[in-house]
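Step one of this worksheet: look at the structure below.
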Amino acid sequence: MAPETSDVSDYCLAAILRCYRSRQGQGWRSWTPKADIEEREELLLRWALSSSVTSIAKHVINYPRDVKSSLAYTTNTYSGEIPGTVNARETLYAQELTGDSTLFVVSEPSYSALTRRNNVLAWVLLQAESLVLAAIRRHQIKPEQEWIYGHAALFEGATRLRALREVMLSPSGRRRPGSAAILDARKSLSPLYRSAAEAVAKFDAIEGMDPQALRQLLSDTLIAQLEDWQKLELASALAAAESLAKACGEKVRWKKSIVGGSEIATVGPYSLHWQHALPMRTAEQLDESELLIRETAESLQAGLGSSRADVTIRRSLDNKVLAHIECKWFGSRASASSAIIDAVSQLVRYCRDSCPASDLHARNLLRDSIIVTSNLFGFTQQVDGTTPVNLTDFSGLVSGCLDSWAFRLHARSVFTPT
């Protein structure tokens, strides 16, 4: 049987949370994750792009009348006219003081958007817009990335609502809402304001690196978006990263950005890449069968694209490829053999693409590469370095079977710098 999807999800979430834990204080066993500014910005960006925050912006755009104003009374003095409710005491005082019997002090009703609840709502939308725009600038995202620009346009459209602009331009609207404002929004009968209050609470928890809040955020914005086979790939990358961290004594730094990029983690001198595109070999570097496949595909106008390894480990110093990981998710024993054979074929091609000039180097790279399956189904786990390629499954990842592989890889990487 394949592992339960929830087990793989829980493993990925726990491993990512460990990436945020500080080595200060109680070290790796610290129960309070800490992150640097860059990591915190990426987490808050996930908050801005989460379904709960984007739904608030969509609600404001689709139902602008749900943004309520409050009825307030302003006191004004008029001569010869009574446009509002007369304040008798103030009127007599003004007439006595000035000697003008035509003066009247009246209270006039007026609608104002400057309410505590609107302060909470405006702050949420303004923060979300600022985080998305900052990410576009920081990562120099091109307009081709329509999804991120679409979110920026969504928040911009919500913040352009006249009532909210009035709040944002006021001194109180630019301040972070206090507990009284959040409580007022939470007590509202409108789901819009209750959602805004909840979004502020999540923002505070994420900014404070609350473990439960981070777990929920990553579950909603990352894990829930992945298929089962993608979760296995992510679990393999994280397991390899943690084993390398033990081998080199460094901390795993989670680098997966919302805005893309194949580098998902760094560990000391190593970087780990998810769905990493490999350079294609030239026609002269292909064997006869590979050349025939390429020529046939091109004749049908179905040119072969570049290969994408599920996980690739590189040495940051010289960008040298040290290992590939190929993952196979299947649920039945009958599929195990064909899946493993398919993985072997892919890894051989990845290694030859990574080392086109030397078959010996390709074989050495293959020996350090790993096949990870959802279940071994009777096949023997091989991670001791004695076989042409390593083989394990999700249970092996959980048990830490990659530790010995990581120590061997690190030892060779240190003593063979080129």
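Ligands are numbered from 1 in the order shown, residues from 1 within each chain, and chains are lettered A, B, ... in the order they appear in the structure tokens.
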Please build the interface table for segment 47-112 of chain A against segment 131-140 of chain A with a cut-off of 10 Å, listing for each qualifying residue the nearest atom pair and the distance in Å to one decimal; count only C-alpha atoms, order rows by chain and increasing number, and write it as CSV.
residue,atom,partner,partner_atom,distance
A:Trp47,CA,A:Leu131,CA,9.3
A:Ala48,CA,A:Leu131,CA,6.9
A:Leu49,CA,A:Val132,CA,8.0
- Message: When DSSP is applied to the backbone of this structure, which of segment 26-230 of chain A are assigned helix (DSSP H, G or I)? Write them out as an MDAnalysis selection string.
- Response: chainID A and resid 27:29 37:49 51:62 64:66 88:98 116:138 146:159 162:168 179:186 191:207 211:221 223:225 228:230
Please, could you write that set of residues out with C-alpha atoms as a short mmCIF file (atom, residue, chain, number, x, y, z; two decimals), in the first residue's frame?
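The file below, selection-v5.cif, is the result:
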data_model
loop_
_atom_site.label_atom_id
_atom_site.label_comp_id
_atom_site.auth_asym_id
_atom_site.auth_seq_id
_atom_site.Cartn_x
_atom_site.Cartn_y
_atom_site.Cartn_z
CA GLY A 27 19.24 24.64 19.36
CA TRP A 28 17.56 22.18 17.03
CA ARG A 29 15.11 21.19 19.77
CA ILE A 37 13.89 39.01 7.57
CA GLU A 38 13.88 37.30 4.18
CA GLU A 39 12.17 34.18 5.51
CA ARG A 40 9.57 36.23 7.38
CA GLU A 41 8.82 38.28 4.27
CA GLU A 42 8.19 35.11 2.27
CA LEU A 43 5.86 33.79 4.96
CA LEU A 44 3.92 37.05 5.09
CA LEU A 45 3.73 36.99 1.29
CA ARG A 46 2.08 33.58 1.59
CA TRP A 47 -0.38 35.20 3.99
CA ALA A 48 -1.16 37.91 1.44
CA LEU A 49 -1.74 35.36 -1.31
CA SER A 51 -7.39 32.32 -0.02
CA SER A 52 -8.66 34.05 3.13
CA VAL A 53 -7.02 37.39 2.26
CA THR A 54 -7.75 37.30 -1.47
CA SER A 55 -11.40 36.51 -0.72
CA ILE A 56 -11.59 39.72 1.34
CA ALA A 57 -10.33 41.75 -1.63
CA LYS A 58 -12.79 40.05 -3.98
CA HIS A 59 -15.66 40.74 -1.56
CA VAL A 60 -14.79 44.44 -1.40
CA ILE A 61 -14.66 44.70 -5.20
CA ASN A 62 -17.85 42.72 -5.84
CA PRO A 64 -18.58 47.66 -2.24
CA ARG A 65 -21.75 48.55 -0.30
CA ASP A 66 -20.74 46.06 2.39
CA ALA A 88 -30.27 75.14 22.93
CA ARG A 89 -27.60 75.59 25.58
CA GLU A 90 -24.79 76.29 23.14
CA THR A 91 -27.07 78.53 21.07
CA LEU A 92 -28.00 80.73 24.06
CA TYR A 93 -24.34 80.89 25.06
CA ALA A 94 -23.27 81.94 21.55
CA GLN A 95 -26.02 84.54 21.26
CA GLU A 96 -25.22 85.97 24.67
CA LEU A 97 -21.52 86.04 23.92
CA THR A 98 -21.84 87.71 20.52
CA ARG A 116 -12.51 51.06 13.71
CA ARG A 117 -13.85 48.28 11.54
CA ASN A 118 -12.86 50.02 8.32
CA ASN A 119 -9.43 50.65 9.82
CA VAL A 120 -8.98 46.89 10.23
CA LEU A 121 -10.25 46.15 6.71
CA ALA A 122 -8.15 48.86 5.05
CA TRP A 123 -5.00 47.79 6.89
CA VAL A 124 -5.36 44.17 5.75
CA LEU A 125 -5.78 45.15 2.10
CA LEU A 126 -2.98 47.72 2.23
CA GLN A 127 -0.56 45.23 3.79
CA ALA A 128 -1.42 42.58 1.22
CA GLU A 129 -0.89 45.01 -1.66
CA SER A 130 2.43 46.21 -0.22
CA LEU A 131 3.72 42.65 0.28
CA VAL A 132 2.87 41.58 -3.27
CA LEU A 133 4.40 44.70 -4.86
CA ALA A 134 7.52 44.33 -2.71
CA ALA A 135 7.89 40.71 -3.84
CA ILE A 136 7.60 41.74 -7.49
CA ARG A 137 10.37 44.30 -7.00
CA ARG A 138 12.55 42.07 -4.82
CA GLU A 146 0.45 36.79 -14.71
CA TRP A 147 -0.69 35.14 -11.49
CA ILE A 148 1.35 37.42 -9.22
CA TYR A 149 0.45 40.52 -11.21
CA GLY A 150 -3.18 39.42 -11.09
CA HIS A 151 -3.05 39.43 -7.29
CA ALA A 152 -1.43 42.85 -7.31
CA ALA A 153 -4.24 44.17 -9.51
CA LEU A 154 -6.84 42.56 -7.24
CA PHE A 155 -5.54 44.29 -4.12
CA GLU A 156 -5.09 47.58 -5.97
CA GLY A 157 -8.70 47.44 -7.10
CA ALA A 158 -9.90 46.82 -3.55
CA THR A 159 -7.86 49.65 -2.03
CA ARG A 162 -13.43 55.59 -2.05
CA ALA A 163 -14.46 54.74 1.50
CA LEU A 164 -11.27 52.77 2.13
CA ARG A 165 -9.09 55.43 0.51
CA GLU A 166 -10.52 57.94 2.97
CA VAL A 167 -9.47 55.64 5.81
CA MET A 168 -5.99 55.00 4.41
CA SER A 179 -6.97 45.43 20.03
CA ALA A 180 -10.10 47.59 20.42
CA ALA A 181 -10.47 47.95 16.64
CA ILE A 182 -9.91 44.23 16.07
CA LEU A 183 -12.46 43.37 18.77
CA ASP A 184 -14.96 45.77 17.20
CA ALA A 185 -14.49 44.14 13.77
CA ARG A 186 -14.80 40.69 15.29
CA PRO A 191 -18.65 38.42 7.61
CA LEU A 192 -16.37 40.86 5.75
CA TYR A 193 -15.23 42.57 8.93
CA ARG A 194 -14.97 39.31 10.86
CA SER A 195 -12.75 37.91 8.10
CA ALA A 196 -10.57 41.03 8.25
CA ALA A 197 -10.18 40.65 12.02
CA GLU A 198 -9.19 37.02 11.55
CA ALA A 199 -6.66 38.00 8.86
CA VAL A 200 -5.01 40.47 11.26
CA ALA A 201 -4.82 37.77 13.93
CA LYS A 202 -3.15 35.41 11.43
CA PHE A 203 -0.74 38.15 10.39
CA ASP A 204 0.27 38.73 14.01
CA ALA A 205 0.75 35.00 14.60
CA ILE A 206 2.86 34.54 11.46
CA GLU A 207 4.95 37.61 12.24
CA PRO A 211 4.28 27.19 15.01
CA GLN A 212 0.59 26.38 14.68
CA ALA A 213 -0.04 29.42 12.49
CA LEU A 214 2.93 28.59 10.25
CA ARG A 215 1.75 25.00 9.95
CA GLN A 216 -1.73 26.11 8.90
CA LEU A 217 -0.34 28.69 6.47
CA LEU A 218 2.04 26.26 4.76
CA SER A 219 -0.63 23.58 4.66
CA ASP A 220 -3.09 25.90 2.89
CA THR A 221 -0.71 27.69 0.53
CA ILE A 223 0.96 21.38 0.68
CA ALA A 224 -2.72 21.54 -0.26
CA GLN A 225 -1.75 22.66 -3.78
CA ASP A 228 0.56 13.03 -4.12
CA TRP A 229 3.61 12.51 -6.34
CA GLN A 230 4.69 16.12 -5.81
#
- Task: May I have the residues within 7 Å of segment 391-399 of chain A as a VMD selection string, using only C-alpha atoms and disregarding those fewer than 4 positions away in the same chain?
- Result: chain A and resid 236 239 370 to 376 381 to 383
With N, CA and C atoms retained, export the selected residues as a compact mmCIF listing (two decimals), in the first residue's frame.
# COMPACT_ATOMS: atom_id res chain seq x y z
N SER A 236 11.20 13.98 -0.28
CA SER A 236 12.54 13.47 -0.60
C SER A 236 13.58 14.59 -0.53
N ALA A 239 14.10 15.45 3.17
CA ALA A 239 14.86 14.40 3.86
C ALA A 239 16.33 14.46 3.48
N ILE A 370 19.47 8.69 -6.22
CA ILE A 370 18.53 7.91 -5.41
C ILE A 370 17.19 7.78 -6.13
N ILE A 371 16.62 6.59 -6.04
CA ILE A 371 15.24 6.35 -6.45
C ILE A 371 14.41 6.26 -5.18
N VAL A 372 13.36 7.07 -5.10
CA VAL A 372 12.47 7.05 -3.94
C VAL A 372 11.08 6.66 -4.42
N THR A 373 10.54 5.58 -3.88
CA THR A 373 9.21 5.12 -4.24
C THR A 373 8.25 5.33 -3.07
N SER A 374 6.96 5.27 -3.37
CA SER A 374 5.98 5.38 -2.29
C SER A 374 6.04 4.17 -1.37
N ASN A 375 6.36 2.99 -1.95
CA ASN A 375 6.49 1.77 -1.17
C ASN A 375 7.39 0.82 -1.94
N LEU A 376 8.24 0.06 -1.23
CA LEU A 376 9.16 -0.85 -1.89
C LEU A 376 8.47 -2.10 -2.40
N GLN A 381 15.76 -2.29 0.12
CA GLN A 381 16.33 -0.93 0.23
C GLN A 381 17.83 -0.98 0.04
N GLN A 382 18.35 -0.08 -0.80
CA GLN A 382 19.78 -0.04 -1.12
C GLN A 382 20.27 1.40 -0.97
N VAL A 383 20.94 1.67 0.13
CA VAL A 383 21.46 3.03 0.35
C VAL A 383 22.88 2.99 0.91
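Here atom CA of Leu409 of chain A stands at a distance of 22.2 Å from atom CA of Ser345 of chain A.
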- Point-to-point distance from atom CA of Ser101 of chain A to atom CA of Val86 of chain A, Å rounded to tenths: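 Interatomic distance here is 13.7 Å.
Residues lying within 12 Å of Gly249 of chain A, counting only C-alpha atoms and ignoring same-chain neighbours fewer than 2 positions away, are Arg23, Trp28, Ala241, Glu242, Ser243, Leu244, Ala245, Lys246, Ala247, Lys251, Val252, Val267, Gly268, Pro269, Tyr270, Ala406, Phe407 and His410 of chain A.
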- Can you work out the spacing between atom CA of Arg315 of chain A and atom CA of Leu272 of chain A in Å, to one decimal?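 Separation between atom CA of Arg315 of chain A and atom CA of Leu272 of chain A: 9.0 Å.
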- Task: Report as a ChimeraX atom specification: the residues of segment 122-264 of chain A with a DSSP assignment of strand (DSSP E), based on the backbone of this structure.
- Result: /A:252-254,263-264
Writing out the chosen residues with C-alpha atoms as a compact mmCIF listing (two decimals), in the first residue's frame:
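Written output follows (out11.txt):
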# COMPACT_ATOMS: atom_id res chain seq x y z
CA VAL A 252 18.73 23.84 6.47
CA ARG A 253 17.57 27.13 5.00
CA TRP A 254 14.20 26.87 3.30
CA GLU A 263 16.06 26.26 -5.58
CA ILE A 264 14.09 25.19 -2.55
Excluding Leu365 of chain A and any residue of its chain fewer than 6 positions from it, enumerate the residues within 7 Å of it, using only C-alpha atoms, and give them as a compact mmCIF listing (two decimals) with N, CA and C atoms, in the first residue's frame.
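In the end it all went to part-v7.txt:
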# COMPACT_ATOMS: atom_id res chain seq x y z
N LEU A 322 25.87 16.97 -7.81
CA LEU A 322 26.38 15.89 -6.97
C LEU A 322 25.47 14.68 -6.93
N ALA A 323 24.17 14.88 -7.15
CA ALA A 323 23.24 13.75 -7.11
C ALA A 323 21.90 14.19 -7.67
N CYS A 351 21.92 11.67 -15.53
CA CYS A 351 23.35 11.65 -15.22
C CYS A 351 24.19 11.86 -16.47
